[in-house]
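Here's work-v4.cif, which has mmCIF, C-alpha atoms:
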data_structure
loop_
_atom_site.label_atom_id
_atom_site.label_comp_id
_atom_site.auth_asym_id
_atom_site.auth_seq_id
_atom_site.Cartn_x
_atom_site.Cartn_y
_atom_site.Cartn_z
CA MET A 1 20.23 155.34 108.12
CA ALA A 2 19.44 152.22 106.25
CA GLU A 3 21.15 149.04 107.55
CA SER A 4 23.17 146.78 105.15
CA ILE A 5 21.81 143.31 105.47
CA ILE A 6 23.81 140.26 104.08
CA PRO A 7 21.55 137.44 103.08
CA SER A 8 22.09 134.31 105.16
CA ALA A 9 22.55 132.14 102.05
CA SER A 10 25.49 134.27 100.90
CA LEU A 11 27.01 134.16 104.39
CA ASP A 12 26.76 130.37 104.50
CA ARG A 13 28.36 130.10 101.10
CA THR A 14 31.26 132.35 102.12
CA GLN A 15 31.84 130.35 105.27
CA ARG A 16 31.87 127.10 103.31
CA VAL A 17 34.42 128.50 100.88
CA ALA A 18 36.59 129.74 103.75
CA TRP A 19 36.44 126.36 105.48
CA GLY A 20 37.18 124.62 102.20
CA VAL A 21 40.23 126.77 101.59
CA LEU A 22 41.37 126.15 105.17
CA LEU A 23 40.93 122.39 104.93
CA ILE A 24 42.60 122.16 101.53
CA SER A 25 45.51 124.25 102.82
CA PHE A 26 45.78 122.02 105.86
CA ALA A 27 45.72 118.90 103.66
CA ILE A 28 48.41 120.35 101.42
CA PHE A 29 50.43 121.22 104.50
CA CYS A 30 50.10 117.64 105.78
CA LEU A 31 51.03 116.23 102.40
CA LEU A 32 54.08 118.50 102.28
CA CYS A 33 55.08 117.38 105.77
CA VAL A 34 54.69 113.72 104.83
CA ALA A 35 56.53 114.24 101.54
CA SER A 36 59.30 116.11 103.37
CA VAL A 37 59.68 113.30 105.90
CA ILE A 38 59.65 110.64 103.19
CA GLY A 39 62.04 112.67 101.05
CA ALA A 40 64.37 113.23 103.99
CA TYR A 41 64.27 109.52 104.83
CA LEU A 42 64.96 108.52 101.23
CA PHE A 43 67.80 111.02 100.98
CA LEU A 44 69.37 110.12 104.31
CA PHE A 45 68.86 106.36 104.29
CA GLU A 46 68.11 105.19 100.74
CA SER A 47 70.00 107.49 98.38
CA THR A 48 73.22 106.35 96.76
CA MET A 49 76.32 107.86 95.20
CA PRO A 50 78.82 106.51 92.66
CA MET A 51 81.95 104.78 93.90
CA GLU A 52 85.41 105.27 92.51
CA SER A 53 86.87 102.54 90.32
CA GLU A 54 90.22 101.96 88.69
CA LEU A 55 91.15 99.70 85.82
CA ARG A 56 94.70 98.35 86.05
CA VAL A 57 96.07 96.39 83.13
CA SER A 58 98.05 93.38 84.32
CA ARG A 59 99.50 92.60 80.91
CA GLY A 60 98.88 93.60 77.30
CA THR A 61 96.28 96.24 76.46
CA ALA A 62 92.66 96.73 77.49
CA VAL A 63 90.15 98.70 75.41
CA VAL A 64 87.78 101.09 77.20
CA VAL A 65 84.75 102.84 75.68
CA GLY A 66 83.37 105.50 78.03
CA SER A 67 80.05 107.34 78.15
CA ASP A 68 81.45 109.74 75.54
CA MET A 69 81.63 106.73 73.15
CA LEU A 70 85.33 107.34 72.57
CA GLU A 71 87.53 104.26 72.44
CA GLN A 72 90.92 104.23 74.14
CA GLY A 73 93.60 101.60 74.56
CA VAL A 74 94.87 101.31 78.13
CA ARG A 75 98.27 99.77 78.85
CA THR A 76 98.73 100.73 82.52
CA GLY A 77 95.73 102.17 84.37
CA VAL A 78 92.79 104.56 84.16
CA GLN A 79 90.10 105.91 86.51
CA LEU A 80 86.60 104.89 85.45
CA PHE A 81 83.06 105.95 86.26
CA ASN A 82 79.64 104.45 85.60
CA SER A 83 78.98 103.33 82.04
CA ALA A 84 82.26 102.03 80.67
CA LEU A 85 82.68 99.09 78.30
CA ILE A 86 85.91 97.20 79.00
CA SER A 87 87.43 94.41 76.91
CA THR A 88 90.68 92.45 76.64
CA ASP A 89 92.24 90.68 73.69
CA ALA A 90 93.67 87.16 73.51
CA ILE A 91 96.92 88.00 75.34
CA SER A 92 95.74 90.61 77.84
CA GLN A 93 94.45 90.68 81.40
CA ALA A 94 93.02 93.60 83.38
CA ALA A 95 91.71 94.08 86.92
CA LEU A 96 88.89 96.51 87.74
CA THR A 97 88.88 97.44 91.44
CA VAL A 98 86.03 99.40 93.02
CA PHE A 99 86.83 101.57 96.05
CA ASP A 100 84.71 103.09 98.81
CA GLN A 101 86.03 106.64 98.88
CA ASN A 102 84.22 107.32 102.17
CA HIS A 103 86.25 104.63 103.96
CA ASP A 104 89.88 105.39 103.14
CA ASN A 105 89.47 103.98 99.64
CA LEU A 106 88.55 100.53 100.92
CA ALA A 107 88.76 98.02 98.06
CA VAL A 108 85.21 96.64 97.87
CA ALA A 109 85.64 94.18 94.99
CA THR A 110 87.97 93.33 92.12
CA VAL A 111 86.69 92.06 88.78
CA THR A 112 89.45 90.51 86.67
CA LEU A 113 88.98 90.19 82.94
CA LYS A 114 91.15 87.40 81.63
CA SER A 115 92.05 87.10 77.96
CA GLY A 116 89.29 87.58 75.41
CA SER A 117 86.72 88.96 77.87
CA ALA A 118 84.40 91.96 78.15
CA VAL A 119 82.07 93.67 80.62
CA ASP A 120 79.92 96.79 80.47
CA MET A 121 80.07 98.56 83.83
CA LYS A 122 76.62 100.12 84.26
CA ASN A 123 76.62 101.15 87.91
CA VAL A 124 78.88 101.01 90.98
CA SER A 125 77.30 102.73 93.98
CA ARG A 126 77.24 102.94 97.77
CA PRO A 127 74.88 104.65 100.25
CA ARG A 128 75.32 108.41 100.31
CA PHE A 129 75.77 108.33 104.10
CA ASP A 130 77.33 105.65 106.29
CA TRP A 131 74.05 105.13 108.12
CA GLY A 132 72.30 104.37 104.83
CA THR A 133 70.64 100.98 104.53
CA GLN A 134 71.59 100.25 100.92
CA ALA A 135 74.20 97.64 100.04
CA TYR A 136 77.25 98.13 97.87
CA TRP A 137 75.88 97.55 94.38
CA MET A 138 77.78 96.83 91.18
CA ASP A 139 75.92 96.12 87.97
CA PHE A 140 77.65 94.72 84.89
CA ALA A 141 76.03 93.93 81.54
CA SER A 142 77.24 92.28 78.33
CA VAL A 143 79.51 89.96 80.32
CA TYR A 144 81.46 87.64 78.03
CA GLY A 145 84.57 85.49 78.37
CA ASP A 146 86.44 84.45 81.52
CA ILE A 147 85.78 86.68 84.54
CA ASP A 148 87.15 86.34 88.08
CA VAL A 149 85.49 88.23 90.96
CA TYR A 150 87.06 88.73 94.39
CA ILE A 151 85.02 90.18 97.28
CA PRO A 152 87.02 90.71 100.50
CA GLN A 153 85.88 89.89 104.00
CA ASN A 154 84.65 92.41 106.60
CA LEU A 155 83.24 95.07 104.29
CA GLY A 156 80.91 96.38 107.00
CA ARG A 157 77.76 96.25 104.86
CA ASP A 158 75.97 93.95 102.43
CA ILE A 159 77.06 93.69 98.83
CA LEU A 160 75.35 92.77 95.57
CA ILE A 161 77.20 92.25 92.30
CA THR A 162 75.04 91.49 89.28
CA LEU A 163 76.60 90.20 86.07
CA ARG A 164 74.30 89.91 83.05
CA THR A 165 75.84 87.80 80.32
CA THR A 166 75.44 88.13 76.58
CA GLN A 167 73.67 84.74 76.66
CA GLY A 168 70.78 86.25 78.65
CA THR A 169 71.64 84.68 82.01
CA ALA A 170 72.48 86.67 85.12
CA VAL A 171 74.72 85.88 88.09
CA TRP A 172 74.19 87.45 91.51
CA LEU A 173 77.04 87.49 94.03
CA THR A 174 76.04 88.46 97.56
CA ALA A 175 78.87 87.55 99.94
CA PRO A 176 82.66 87.75 100.31
CA GLY A 177 84.51 85.07 98.36
CA GLN A 178 86.17 84.28 95.07
CA TYR A 179 84.10 83.45 91.99
CA SER A 180 84.71 82.45 88.40
CA ILE A 181 82.25 83.14 85.57
CA VAL A 182 82.93 81.74 82.11
CA ALA A 183 80.36 82.83 79.53
CA VAL A 184 81.30 81.62 76.06
CA GLY A 185 79.14 80.47 73.16
CA THR A 186 75.90 79.00 74.47
CA GLN A 187 77.32 77.99 77.83
CA VAL A 188 77.68 79.78 81.17
CA ALA A 189 79.77 78.19 83.94
CA VAL A 190 79.88 79.67 87.46
CA THR A 191 82.24 78.47 90.20
CA ASN A 192 81.70 79.51 93.80
CA ASN A 193 84.88 79.26 95.87
CA GLY A 194 83.54 80.15 99.30
CA GLY A 195 80.78 82.75 98.87
CA GLU A 196 77.11 82.98 97.88
CA ALA A 197 76.11 82.89 94.21
CA VAL A 198 72.87 82.53 92.26
CA LEU A 199 72.41 81.83 88.56
CA ILE A 200 69.27 83.34 87.02
CA ARG A 201 68.16 81.81 83.74
CA PRO A 202 67.06 83.85 80.71
CA GLY A 203 63.63 85.45 80.92
CA GLN A 204 63.48 84.88 84.69
CA GLN A 205 62.63 81.21 84.03
CA GLY A 206 64.18 80.26 87.33
CA SER A 207 67.15 80.70 89.62
CA ASP A 208 69.67 78.21 90.93
CA ARG A 209 71.77 78.63 94.05
CA ILE A 210 75.41 77.58 93.65
CA PRO A 211 76.77 76.17 96.93
CA ALA A 212 80.32 76.98 97.99
CA GLY A 213 82.82 74.59 96.46
CA GLU A 214 80.66 73.77 93.44
CA THR A 215 80.48 74.64 89.75
CA ILE A 216 77.25 74.91 87.80
CA ILE A 217 77.23 74.79 83.99
CA TYR A 218 74.13 76.10 82.23
CA GLN A 219 73.54 75.21 78.59
CA VAL A 220 71.46 78.10 77.31
CA ASP A 221 70.16 76.58 74.08
CA THR A 222 68.87 73.42 75.77
CA ASP A 223 68.04 74.96 79.17
CA THR A 224 69.97 72.22 80.98
CA LEU A 225 72.12 72.35 84.11
CA ASP A 226 75.13 70.29 85.16
CA THR A 227 76.56 70.57 88.67
CA SER A 228 79.97 69.33 89.81
CA LEU A 229 82.54 69.88 92.52
CA ALA A 230 84.90 72.79 91.92
CA LEU A 231 88.60 72.08 91.53
CA THR A 232 90.10 71.17 94.90
CA SER A 233 93.23 72.80 96.33
CA LEU A 234 95.58 69.97 97.28
CA ILE A 235 97.64 72.19 99.58
CA GLY A 236 94.88 73.39 101.88
CA SER A 237 93.81 77.00 102.18
CA ARG A 238 94.40 79.19 99.15
CA THR A 239 95.28 82.22 101.29
CA PHE A 240 97.69 82.97 104.13
CA THR A 241 96.97 83.37 107.84
CA PRO A 242 98.98 83.01 111.07
CA GLU A 243 97.47 79.52 111.33
CA ASN A 244 99.05 78.19 108.13
CA VAL A 245 102.35 80.14 108.07
CA ALA A 246 105.35 79.41 110.29
CA ASP A 247 109.06 80.17 110.37
CA TYR A 248 111.15 77.47 108.72
CA ASN A 249 112.93 76.78 112.02
CA ASP A 250 109.81 76.81 114.19
CA PRO A 251 110.10 73.69 116.42
CA ASN A 252 106.37 73.54 117.10
CA SER A 253 104.49 70.79 115.34
CA ARG A 254 102.34 72.09 112.52
CA SER A 255 100.05 70.64 109.88
CA ALA A 256 101.50 69.23 106.68
CA TYR A 257 99.71 72.13 105.01
CA THR A 258 101.67 74.80 106.89
CA TRP A 259 103.88 77.07 104.79
CA ARG A 260 107.44 77.10 106.16
CA CYS A 261 109.06 80.45 105.34
CA ASN A 262 112.56 81.90 105.60
CA SER A 263 115.05 84.20 103.92
CA VAL A 264 118.64 83.47 102.90
CA GLU A 265 120.99 86.19 101.68
CA ASN A 266 124.67 86.52 100.78
CA ASP A 267 125.06 89.86 102.55
CA ALA A 268 122.97 92.44 104.38
CA PRO A 269 120.28 93.68 104.17
CA ASP A 270 118.02 90.82 105.21
CA GLY A 271 115.04 89.82 103.18
CA ILE A 272 111.81 89.47 105.10
CA TYR A 273 108.49 87.67 104.76
CA ARG A 274 105.39 89.05 106.47
CA LEU A 275 101.62 88.75 106.49
CA LEU A 276 100.04 92.01 105.32
CA THR A 277 96.66 93.21 104.09
CA GLU A 278 96.96 94.76 100.66
CA ASP A 279 93.93 96.09 98.76
CA SER A 280 91.68 94.35 101.32
CA ARG A 281 93.39 91.01 100.60
CA PRO A 282 95.36 88.91 103.13
CA THR A 283 98.77 88.46 101.52
CA MET A 284 102.27 87.09 101.97
CA ASN A 285 104.74 89.89 101.29
CA PHE A 286 108.36 89.19 100.29
CA TYR A 287 110.45 92.33 100.76
CA ARG A 288 114.08 93.43 100.52
CA ASP A 289 115.41 96.94 99.86
CA ASP A 290 118.04 99.36 101.31
CA GLY A 291 119.98 99.31 98.06
CA ALA A 292 120.73 95.59 98.16
CA VAL A 293 123.21 94.50 95.48
CA SER A 294 123.74 90.88 96.52
CA HIS A 295 121.71 87.75 95.98
CA ALA A 296 118.90 86.73 98.35
CA GLU A 297 115.92 84.41 98.36
CA THR A 298 112.81 84.80 100.51
CA SER A 299 110.55 81.79 100.25
CA CYS A 300 107.70 79.68 101.60
CA SER A 301 107.42 75.95 100.96
CA LEU A 302 105.34 72.86 101.67
CA SER A 303 107.14 69.55 102.01
CA PHE A 304 105.33 66.21 101.66
CA GLY A 305 108.05 63.79 102.73
CA THR A 306 110.19 61.44 100.71
CA GLN A 307 107.20 59.69 99.17
CA GLY A 308 105.26 62.88 98.52
CA PHE A 309 101.73 63.50 97.30
CA ASP A 310 100.54 60.70 95.06
CA VAL A 311 98.96 62.41 92.04
CA SER A 312 99.13 59.45 89.67
CA ARG A 313 95.34 58.97 89.62
CA LEU A 314 94.50 62.55 88.68
CA THR A 315 93.26 63.68 85.31
CA TYR A 316 93.77 67.39 86.04
CA LEU A 317 96.50 69.23 87.97
CA SER A 318 97.26 72.94 87.71
CA VAL A 319 98.91 75.80 89.57
CA ARG A 320 97.05 79.04 90.25
CA ALA A 321 98.64 82.14 91.79
CA THR A 322 97.27 85.63 92.41
CA PHE A 323 99.96 88.22 93.08
CA LYS A 324 101.22 91.76 92.60
CA VAL A 325 104.83 92.69 91.87
CA ALA A 326 105.30 96.10 93.52
CA GLY A 327 108.88 96.38 92.26
CA HIS A 328 112.30 94.77 91.84
CA SER A 329 115.77 96.05 90.98
CA LEU A 330 117.17 93.43 88.60
CA SER A 331 116.05 93.49 85.00
CA THR A 332 114.01 90.51 83.89
CA CYS A 333 115.14 87.65 86.18
CA GLY A 334 118.83 88.48 86.37
CA SER A 335 121.75 87.46 84.17
CA GLN A 336 121.10 83.74 84.71
CA GLY A 337 117.32 83.92 84.43
CA SER A 338 117.00 82.55 87.97
CA GLU A 339 116.28 85.70 90.03
CA CYS A 340 112.64 86.61 89.44
CA PRO A 341 110.70 88.67 92.02
CA LEU A 342 108.27 85.74 92.09
CA MET A 343 109.05 82.16 91.18
CA LEU A 344 106.91 79.03 91.50
CA ARG A 345 108.58 75.65 91.85
CA MET A 346 107.25 72.11 92.15
CA ASP A 347 109.63 69.19 92.74
CA TYR A 348 108.22 65.76 91.94
CA TYR A 349 108.86 62.20 90.89
CA PRO A 350 107.84 61.74 87.24
CA VAL A 351 106.06 58.86 85.60
CA ASP A 352 108.38 56.71 83.50
CA SER A 353 106.82 56.80 80.05
CA ALA A 354 108.14 53.33 79.21
CA THR A 355 106.86 51.50 82.29
CA ASN A 356 104.09 53.90 83.36
CA GLU A 357 105.55 53.63 86.88
CA ARG A 358 107.31 56.15 89.09
CA GLY A 359 110.65 57.33 87.68
CA GLY A 360 113.83 57.31 89.73
CA GLU A 361 115.07 60.93 89.70
CA LEU A 362 113.31 64.02 91.01
CA VAL A 363 112.50 66.68 88.42
CA SER A 364 111.29 70.27 88.82
CA TRP A 365 108.71 72.54 87.23
CA ILE A 366 109.74 76.22 87.56
CA HIS A 367 107.94 79.33 86.38
CA GLY A 368 108.83 82.97 87.09
CA PHE A 369 107.40 86.48 86.73
CA PHE A 370 108.99 89.91 86.42
CA SER A 371 107.95 93.50 85.75
CA THR A 372 111.25 95.36 85.14
CA PHE A 373 112.64 94.83 81.66
CA ARG A 374 115.71 96.45 80.12
CA PRO A 375 116.15 94.77 76.73
CA GLU A 376 119.63 96.20 76.18
CA LEU A 377 120.97 93.85 78.88
CA ASN A 378 119.82 90.83 76.86
CA TYR A 379 119.08 88.76 79.96
CA PRO A 380 117.50 85.33 79.31
CA LEU A 381 113.77 84.84 79.66
CA ASN A 382 114.10 81.50 81.42
CA CYS A 383 116.57 79.76 83.72
CA ASP A 384 118.85 76.96 82.51
CA SER A 385 117.37 74.34 84.85
CA ALA A 386 115.43 71.48 83.31
CA GLY A 387 111.72 72.09 83.65
CA CYS A 388 112.13 75.89 83.77
CA THR A 389 109.48 77.39 81.49
CA GLN A 390 109.74 80.84 79.92
CA HIS A 391 109.17 83.56 82.50
CA GLU A 392 106.33 86.03 82.06
CA ILE A 393 106.36 89.82 82.15
CA VAL A 394 103.51 91.48 84.05
CA ASN A 395 102.80 95.11 84.72
CA GLN A 396 104.12 96.47 87.96
CA ASP A 397 101.86 97.17 90.94
CA THR A 398 98.88 95.34 89.44
CA TRP A 399 97.14 92.14 90.55
CA TYR A 400 97.64 89.27 88.14
CA ILE A 401 96.03 85.81 88.10
CA TYR A 402 98.28 83.08 86.73
CA GLU A 403 96.88 79.68 85.74
CA SER A 404 99.24 77.02 84.43
CA GLY A 405 96.70 74.85 82.66
CA ASN A 406 96.74 71.08 83.07
CA LEU A 407 100.31 70.06 83.93
CA LEU A 408 99.44 66.42 83.30
CA THR A 409 98.96 66.97 79.58
CA GLN A 410 101.70 69.46 78.71
CA PRO A 411 103.94 67.72 76.15
CA LEU A 412 107.29 69.19 77.29
CA LEU A 413 106.77 68.30 80.96
CA PRO A 414 107.27 64.79 82.40
CA ARG A 415 103.98 63.72 83.94
CA PRO A 416 104.07 64.00 87.75
CA ASP A 417 103.60 60.85 89.82
CA ALA A 418 104.19 62.26 93.35
CA ILE A 419 104.94 65.81 94.48
CA THR A 420 107.60 66.17 97.18
CA VAL A 421 107.90 69.97 97.58
CA PHE A 422 105.90 72.96 96.41
CA ARG A 423 107.58 76.34 96.83
CA PHE A 424 107.10 79.99 95.91
CA TYR A 425 109.82 82.56 96.43
CA ALA A 426 111.35 85.93 95.57
CA SER A 427 114.90 85.87 94.24
CA GLY A 428 117.26 88.70 93.37
CA HIS A 429 118.57 91.88 94.97
CA GLU A 430 115.74 94.27 95.84
CA TYR A 431 112.17 92.97 95.56
CA ASP A 432 108.69 93.69 96.84
CA VAL A 433 105.91 91.25 95.93
CA TYR A 434 102.48 90.46 97.39
CA VAL A 435 100.98 86.99 96.99
CA SER A 436 97.31 86.61 97.93
CA GLU A 437 96.69 83.08 96.64
CA ILE A 438 98.64 79.95 95.85
CA SER A 439 96.70 76.85 94.81
CA LEU A 440 97.59 73.44 93.47
CA LEU A 441 94.27 72.49 91.90
CA ALA A 442 93.03 69.00 91.12
CA ASP A 443 89.85 67.45 89.79
CA GLY A 444 88.39 66.42 93.13
CA HIS A 445 89.95 63.00 93.65
CA GLU A 446 91.05 62.17 97.17
CA ILE A 447 94.84 62.46 97.35
CA PRO A 448 96.69 60.37 99.96
CA LEU A 449 99.59 62.03 101.75
CA GLY A 450 102.71 59.88 101.72
#

As structure tokens, how would this structure be written, given the file I've shared?
Amino acid sequence: MAESIIPSASLDRTQRVAWGVLLISFAIFCLLCVASVIGAYLFLFESTMPMESELRVSRGTAVVVGSDMLEQGVRTGVQLFNSALISTDAISQAALTVFDQNHDNLAVATVTLKSGSAVDMKNVSRPRFDWGTQAYWMDFASVYGDIDVYIPQNLGRDILITLRTTQGTAVWLTAPGQYSIVAVGTQVAVTNNGGEAVLIRPGQQGSDRIPAGETIIYQVDTDTLDTSLALTSLIGSRTFTPENVADYNDPNSRSAYTWRCNSVENDAPDGIYRLLTEDSRPTMNFYRDDGAVSHAETSCSLSFGTQGFDVSRLTYLSVRATFKVAGHSLSTCGSQGSECPLMLRMDYYPVDSATNERGGELVSWIHGFFSTFRPELNYPLNCDSAGCTQHEIVNQDTWYIYESGNLLTQPLLPRPDAITVFRFYASGHEYDVYVSEISLLADGHEIPLG
């Protein structure tokens, strides 16, 4: 029989092809392994997922345009997702709170839109898994108006909030604290009250760090910066801790900036004051329930002696309060207009307009807030005390930021010369209110304590 002989050249070529296929297959296998490892790493450690967010309207109406491009007016609250344009009119205020649904709906940040403001929420995300390395990230575009941002302490991971204004500037917030961004016309002003903030100029021309306790004003059209001290709280810390809160009858010596708190009631049940964490905020809670039908007042006050705080040299003095009325039983502020679930009161010596010296009699500035309103009862909207301004209605169970404006220039109010007592309190029958901030803000002058 004849033998079949394969030429050596053909054999070599076949072997080369086989080795080539083997090596290519091995390379593809290695690439797939590397890609799988990288993909697994990116998925496990770098991937993100949307967070839940809720818009609560504090007063008035907010307008929301979702990804479906449909416009809706919101008077109470609505759940939102990425890509929502939110705006308020001249008499409205709304608070957008972002929650971490993987951590018992931990409130990660609250962005408050004051009157005449707008933001476009582009993205709110967190790592897909708790071991992920990404920070909480919130991205807002088309920011305009007066915006307040609150980031609570002890979030457990880094956070980055970017706010891109209509003027082309951007603001980065990277730490717990309270911030104010005012972007109107050709000017952007950023105030850092205890966090970390950076202003980035249009076109990435440069960035400017804003230290805690300072305000930076950027004039976009002239590319100029002006830095100044932020408004100073004359009554110490803006928030409440065991270190600055004591019972009214506590005999232990405390600082002049310690809130003295108590409750006085005509009959049972007792009203109580207590330090609680609400929506990741440290708060003072005034509470009374059990069907109470008699008068009570639960209050905290600061007293500055018979001579008081000398505020005669100031050019700016205002009251700021951040609070939430969870509920109250009386309509409005009661039949006399004096029983609001939250009332602010400042007792002071006025300036005598004739002599420009301290007047003789103490006067009071009083302002209240309520959320329950039954118009058929025709209860008054302010108390009959001198200095009692018209009380404000706010939506129930929603954070609201109140700012009085400059009390030194309000025409119906005698100009303060020295403040003797500052007090905030709940008055009525049943009430439940959370106060996270009380500030008496001034323009940075040193104020002697009398």

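Proximity to Ala189 in chain A was assessed for A:Gln167, A:Ser329, A:Thr277, A:Thr215 counting all atoms listed in the file; the smallest distance is recorded for A:Thr215.
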
(request) Starting from the displayed file, determine the output of the PyMOL selection byres ((chain A and resi 173) around 6) and express the residue list as a VMD selection string. (result) chain A and resid 160 to 161 172 174 196 to 197

(message) Report, in Å with one decimal, the straight-line distance from CA of Gly308 in chain A to CA of Ala418 in chain A.
(response) 5.3 Å

(request) Translate the PyMOL selection byres ((chain A and resi 223) around 12), as applied to the file shown, into an explicit residue set as a list in words. (result)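 Applied to this file, the PyMOL selection byres ((chain A and resi 223) around 12) returns Gln167, Gly168, Thr169, Thr186, Gln187, Val188, Ile200, Arg201, Pro202, Gly203, Gln205, Gly206, Ser207, Ile217, Tyr218, Gln219, Val220, Asp221, Thr222, Thr224, Leu225 and Asp226 of chain A.
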
(message) For a quick check of your reading of the model, name the residues lying within 9 Å of the coordinate (113.5, 87.0, 97.4), counting all atoms listed in the file, and write them as a list in words.
(response)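 Protein, DNA and RNA residues close to (113.5, 87.0, 97.4): Ser263, Val264, Glu265, Gly271, Ile272, Tyr273, Phe286, Tyr287, Arg288, His295, Ala296, Glu297, Thr298, Ser299, Glu339, Cys340, Pro341, Leu342, Tyr425, Ala426, Ser427, Gly428, His429, Glu430, Tyr431, Asp432 and Val433 of chain A.
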
Based on the selection just made, write C-alpha atoms of those residues as a short mmCIF file (atom, residue, chain, number, x, y, z; two decimals), in the coordinates of the input.
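Contents of result-v4.cif, as written:
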data_model
loop_
_atom_site.label_atom_id
_atom_site.label_comp_id
_atom_site.auth_asym_id
_atom_site.auth_seq_id
_atom_site.Cartn_x
_atom_site.Cartn_y
_atom_site.Cartn_z
CA SER A 263 115.05 84.20 103.92
CA VAL A 264 118.64 83.47 102.90
CA GLU A 265 120.99 86.19 101.68
CA GLY A 271 115.04 89.82 103.18
CA ILE A 272 111.81 89.47 105.10
CA TYR A 273 108.49 87.67 104.76
CA PHE A 286 108.36 89.19 100.29
CA TYR A 287 110.45 92.33 100.76
CA ARG A 288 114.08 93.43 100.52
CA HIS A 295 121.71 87.75 95.98
CA ALA A 296 118.90 86.73 98.35
CA GLU A 297 115.92 84.41 98.36
CA THR A 298 112.81 84.80 100.51
CA SER A 299 110.55 81.79 100.25
CA GLU A 339 116.28 85.70 90.03
CA CYS A 340 112.64 86.61 89.44
CA PRO A 341 110.70 88.67 92.02
CA LEU A 342 108.27 85.74 92.09
CA TYR A 425 109.82 82.56 96.43
CA ALA A 426 111.35 85.93 95.57
CA SER A 427 114.90 85.87 94.24
CA GLY A 428 117.26 88.70 93.37
CA HIS A 429 118.57 91.88 94.97
CA GLU A 430 115.74 94.27 95.84
CA TYR A 431 112.17 92.97 95.56
CA ASP A 432 108.69 93.69 96.84
CA VAL A 433 105.91 91.25 95.93
#

(message) What's the separation between CA of Arg358 in chain A and CA of Leu440 in chain A, in Å to one decimal place?
(response)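 Those two atoms sit 20.3 Å apart.
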
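Take CA of Tyr179 in chain A and CA of Ala109 in chain A: the distance between them is 11.2 Å.
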
(message) So, with only C-alpha atoms as the atoms that count, which of A:Asp289, A:Glu357, A:Glu243, A:Glu392 lies closest to His328 in chain A?
(response) A:Asp289

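Residues captured in this structure file are Val363, Ser364, Trp365, Ile366, Cys383, Asp384, Ser385, Gly387, Cys388 and Thr389 of chain A, according to the PyMOL selection byres ((chain A and resi 386) around 9).
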
Generate N, CA and C atoms for range 202-213 of chain A and emit them as a compact mmCIF listing (two decimals), in the coordinates of the input.
# COMPACT_ATOMS: atom_id res chain seq x y z
N PRO A 202 67.63 82.82 81.58
CA PRO A 202 67.06 83.85 80.71
C PRO A 202 65.55 83.97 80.89
N GLY A 203 65.05 85.20 80.81
CA GLY A 203 63.63 85.45 80.92
C GLY A 203 63.06 85.14 82.29
N GLN A 204 63.93 85.15 83.32
CA GLN A 204 63.48 84.88 84.69
C GLN A 204 62.78 83.52 84.79
N GLN A 205 63.24 82.53 84.00
CA GLN A 205 62.63 81.21 84.03
C GLN A 205 62.87 80.50 85.36
N GLY A 206 63.88 80.89 86.06
CA GLY A 206 64.18 80.26 87.33
C GLY A 206 65.56 80.67 87.80
N SER A 207 65.85 80.38 89.06
CA SER A 207 67.15 80.70 89.62
C SER A 207 67.70 79.47 90.32
N ASP A 208 69.01 79.37 90.35
CA ASP A 208 69.67 78.21 90.93
C ASP A 208 70.81 78.69 91.83
N ARG A 209 70.72 78.31 93.10
CA ARG A 209 71.77 78.63 94.05
C ARG A 209 72.98 77.73 93.79
N ILE A 210 74.17 78.32 93.86
CA ILE A 210 75.41 77.58 93.65
C ILE A 210 76.13 77.47 94.98
N PRO A 211 76.12 76.31 95.63
CA PRO A 211 76.77 76.17 96.93
C PRO A 211 78.28 76.40 96.84
N ALA A 212 78.87 76.79 97.95
CA ALA A 212 80.32 76.98 97.99
C ALA A 212 81.02 75.67 97.65
N GLY A 213 82.07 75.78 96.85
CA GLY A 213 82.82 74.59 96.46
C GLY A 213 82.25 73.85 95.28
